[in-house]
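Working notes, beginning with the structure itself.
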Amino acid sequence: MSPEAAMIDEPLELELDPEVQHELSQHRGKWVALTRSEVVAVGDSVAEVLKAAMDKGVPSPILMRVPNSEPSAFYY
Amino acid sequence: MPRIQATDFGAGPMPFVEIHIEVGAFFTRAMALVDSGADETIIPAEMLVPLNLDFKDLELVMDGAGAAVGGMGAGGGFEIRRIDATLKFRKWRFAEEVRVAALGALPGPLLGRQDFFAAFTIRFLWHRDPPVFDIDPVA
């Protein structure tokens with residue numbers, strides 16, 4: 001059995017639920033606060049989404065700016 | 001061995017993972033791009049808010065000749081500073097300091113070669129549908 005074939009049944013993990021990924025696709029370029037299963041806040045700054053998340057009882061959300069372009073734009 | 005499906009926000013599948021950044025008593029969680037094109041892990045200054053830090057107060061990164069080191073991105077050059085911070089992917093620590101890019105210079109954290117790729121063996125399986133990637137701790 002090839003190494004590739006041996007790995008084919010490795011359990012697959014998702015960093016974010018598909019529904020969250022789909023919702024985030026509508027907020028490209030925005031900052032968001034989220035959990036793995038829910039978008040908590042959307043805004044134009046980290047401070048804005050962090051405050052909104054804390055107001056909703058999520059004091060330590062995952063933060064990110066939703067990618068707005070192809071991956072090559074990330075290189076530096 | 002985590003095998004992770006690429007995340008797709010409508011701009012194509014990308015290798016994103018959640019990381020933890022800890023500075024003293026403060027910490028934050030962020031989605032970061034696994035980026036073999038980045039020399040080192042770097043976060044945008046915007047991510048300093050939950051860490052209770054201000055970019056202008058951070059230490060400049062200097063080269064051997066005493067000149068400030070900068071970064072280069074799609075939008076041109078930008079200033080880089082540094083902080084002592086513990087970075088974790090799940091239960092694994094992979095860095096004890098991190099570079100910080102000036103406001104507006106980066107769209108999000110990048111996980112680079114000299115720390116993240118030195119701590120993990122990363123295998124991209126982009127021929128799969130959907131694409132997946134493996135992240136195995138080296139030690």
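A note on labels: chains of the structure tokens are A, B, ... as shown, every chain counts residues from 1, and ligands are counted from 1 in their shown order.
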Using only C-alpha atoms, determine which residues of chain B fall within 6 Å of chain A; present them as a short mmCIF file (atom, residue, chain, number, x, y, z; two decimals) with N, CA and C atoms, in the first residue's frame.
```
data_model
loop_
_atom_site.label_atom_id
_atom_site.label_comp_id
_atom_site.auth_asym_id
_atom_site.auth_seq_id
_atom_site.Cartn_x
_atom_site.Cartn_y
_atom_site.Cartn_z
N ARG B 3 -5.33 16.29 10.34
CA ARG B 3 -5.52 16.48 8.89
C ARG B 3 -6.69 17.44 8.75
N ILE B 4 -6.41 18.57 8.18
CA ILE B 4 -7.36 19.67 8.21
C ILE B 4 -7.82 20.01 6.79
N GLN B 5 -9.11 20.17 6.66
CA GLN B 5 -9.66 20.56 5.36
C GLN B 5 -9.44 22.06 5.15
N PHE B 9 -13.54 30.84 2.00
CA PHE B 9 -14.41 31.98 2.30
C PHE B 9 -14.94 32.59 1.01
N GLY B 10 -14.91 31.83 -0.08
CA GLY B 10 -15.40 32.33 -1.35
C GLY B 10 -14.31 32.84 -2.26
N ALA B 11 -13.05 32.83 -1.79
CA ALA B 11 -11.92 33.27 -2.61
C ALA B 11 -11.01 32.09 -2.94
N ARG B 29 -7.14 34.72 20.32
CA ARG B 29 -7.23 33.61 19.37
C ARG B 29 -7.42 34.23 17.99
N ALA B 30 -6.79 33.61 16.99
CA ALA B 30 -6.88 34.18 15.65
C ALA B 30 -6.83 33.08 14.62
N MET B 31 -7.45 33.33 13.47
CA MET B 31 -7.28 32.44 12.33
C MET B 31 -6.05 32.93 11.56
N GLY B 37 5.48 30.95 2.04
CA GLY B 37 6.16 32.11 1.45
C GLY B 37 6.59 33.14 2.47
N MET B 72 7.96 43.27 3.05
CA MET B 72 7.52 43.62 1.71
C MET B 72 6.27 42.81 1.40
N GLY B 73 5.23 43.48 1.02
CA GLY B 73 3.99 42.79 0.66
C GLY B 73 3.48 43.27 -0.66
N ALA B 74 2.27 42.82 -0.99
CA ALA B 74 1.70 43.19 -2.27
C ALA B 74 1.52 44.71 -2.37
#
```
Correct to one decimal, the distance atom CA of Glu19 of chain A-atom CA of Ala6 of chain B is 14.2 Å
Quick one: residues within 7 Å of segment 39-43 of chain B, only C-alpha atoms counted, chain neighbours fewer than 2 positions away excluded, as a list of chain:residue names?
B:Gly37, B:Ala45, B:Met47, B:Val98, B:Arg99, B:Val100, B:Ala101, B:Gly108, B:Pro109, B:Leu110, B:Leu111, B:Gly112, B:Arg113, B:Gln114, B:Asp115, B:Phe116
Sel. of strand (DSSP E or B) residues, chain B, as a PyMOL selection string
chain B and resi 3-5+7-8+13-14+16-23+26-34+42-44+59-60+62+68+70-73+76-89+92-101+110-111+120-125+132-137
Using Å and a single decimal, report how far atom CA of Ala85 of chain B sits from atom CA of Ile21 of chain B.
6.5 Å
Would you work out the distance separating atom CA of Val49 of chain B from atom CA of Val69 of chain B, expressed in Å to one decimal?
23.1 Å
Might you pull out every residue within 7 Å of segment 57-64 of chain B, with only C-alpha atoms counted and same-chain residues fewer than 6 positions away left off, and present them as a compact mmCIF listing (two decimals) with N, CA, C and O atoms, in the first residue's frame?
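The file below, out.txt, is the result:
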```txt
# COMPACT_ATOMS: atom_id res chain seq x y z
N ILE B 80 8.25 46.68 10.58
CA ILE B 80 8.06 45.49 11.40
C ILE B 80 8.63 45.73 12.80
O ILE B 80 9.74 46.27 12.94
N ARG B 81 7.88 45.35 13.82
CA ARG B 81 8.38 45.36 15.20
C ARG B 81 8.23 43.96 15.79
O ARG B 81 7.76 43.06 15.10
N ARG B 82 8.60 43.78 17.04
CA ARG B 82 8.56 42.44 17.63
C ARG B 82 8.04 42.49 19.05
O ARG B 82 8.14 43.53 19.72
N ILE B 83 7.48 41.37 19.50
CA ILE B 83 7.10 41.22 20.90
C ILE B 83 7.46 39.82 21.37
O ILE B 83 7.48 38.87 20.57
```
I need the residues of segment 47-89 of chain B that end up classed as helix (DSSP H, G or I) by DSSP on the backbone, written out as a list in words.
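Of segment 47-89 of chain B, the ones in helix (DSSP H, G or I) are Met47, Leu48, Val49, Pro50, Leu51, Phe55, Lys56 and Asp57 of chain B.
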Using only C-alpha atoms, which residues sit within 6 Å of Ala53 of chain A once same-chain residues fewer than 3 positions away are excluded, as a PyMOL selection string?
chain A and resi 40-41+50+56+58
I need the residues from that last selection saved to file as a compact mmCIF listing (two decimals), in the first residue's frame (with all heavy atoms), if you can.
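selection_23.txt was written with the following content:
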```txt
# COMPACT_ATOMS: atom_id res chain seq x y z
N VAL A 40 -19.98 35.85 15.56
CA VAL A 40 -20.48 36.63 16.70
C VAL A 40 -20.62 38.11 16.35
O VAL A 40 -21.58 38.76 16.75
CB VAL A 40 -19.56 36.46 17.92
CG1 VAL A 40 -20.07 37.26 19.10
CG2 VAL A 40 -19.43 34.98 18.28
N ALA A 41 -19.65 38.66 15.60
CA ALA A 41 -19.69 40.09 15.28
C ALA A 41 -18.91 40.35 14.00
O ALA A 41 -17.94 39.68 13.70
CB ALA A 41 -19.10 40.91 16.43
N LEU A 50 -14.45 43.10 18.84
CA LEU A 50 -14.14 42.56 20.16
C LEU A 50 -15.14 43.07 21.20
O LEU A 50 -15.64 42.31 22.03
CB LEU A 50 -12.71 42.96 20.55
CG LEU A 50 -12.07 42.24 21.73
CD1 LEU A 50 -12.07 40.73 21.53
CD2 LEU A 50 -10.65 42.74 21.94
N LYS A 56 -21.91 40.37 23.86
CA LYS A 56 -22.74 39.18 23.63
C LYS A 56 -22.32 38.00 24.51
O LYS A 56 -22.79 36.88 24.31
CB LYS A 56 -22.70 38.78 22.15
CG LYS A 56 -23.35 39.81 21.23
CD LYS A 56 -23.26 39.38 19.77
CE LYS A 56 -23.94 40.38 18.86
NZ LYS A 56 -23.82 40.02 17.42
N VAL A 58 -19.19 36.68 24.73
CA VAL A 58 -18.09 35.88 24.18
C VAL A 58 -16.80 36.69 24.39
O VAL A 58 -16.39 37.47 23.52
CB VAL A 58 -18.30 35.58 22.68
CG1 VAL A 58 -17.18 34.68 22.16
CG2 VAL A 58 -19.65 34.92 22.47
```
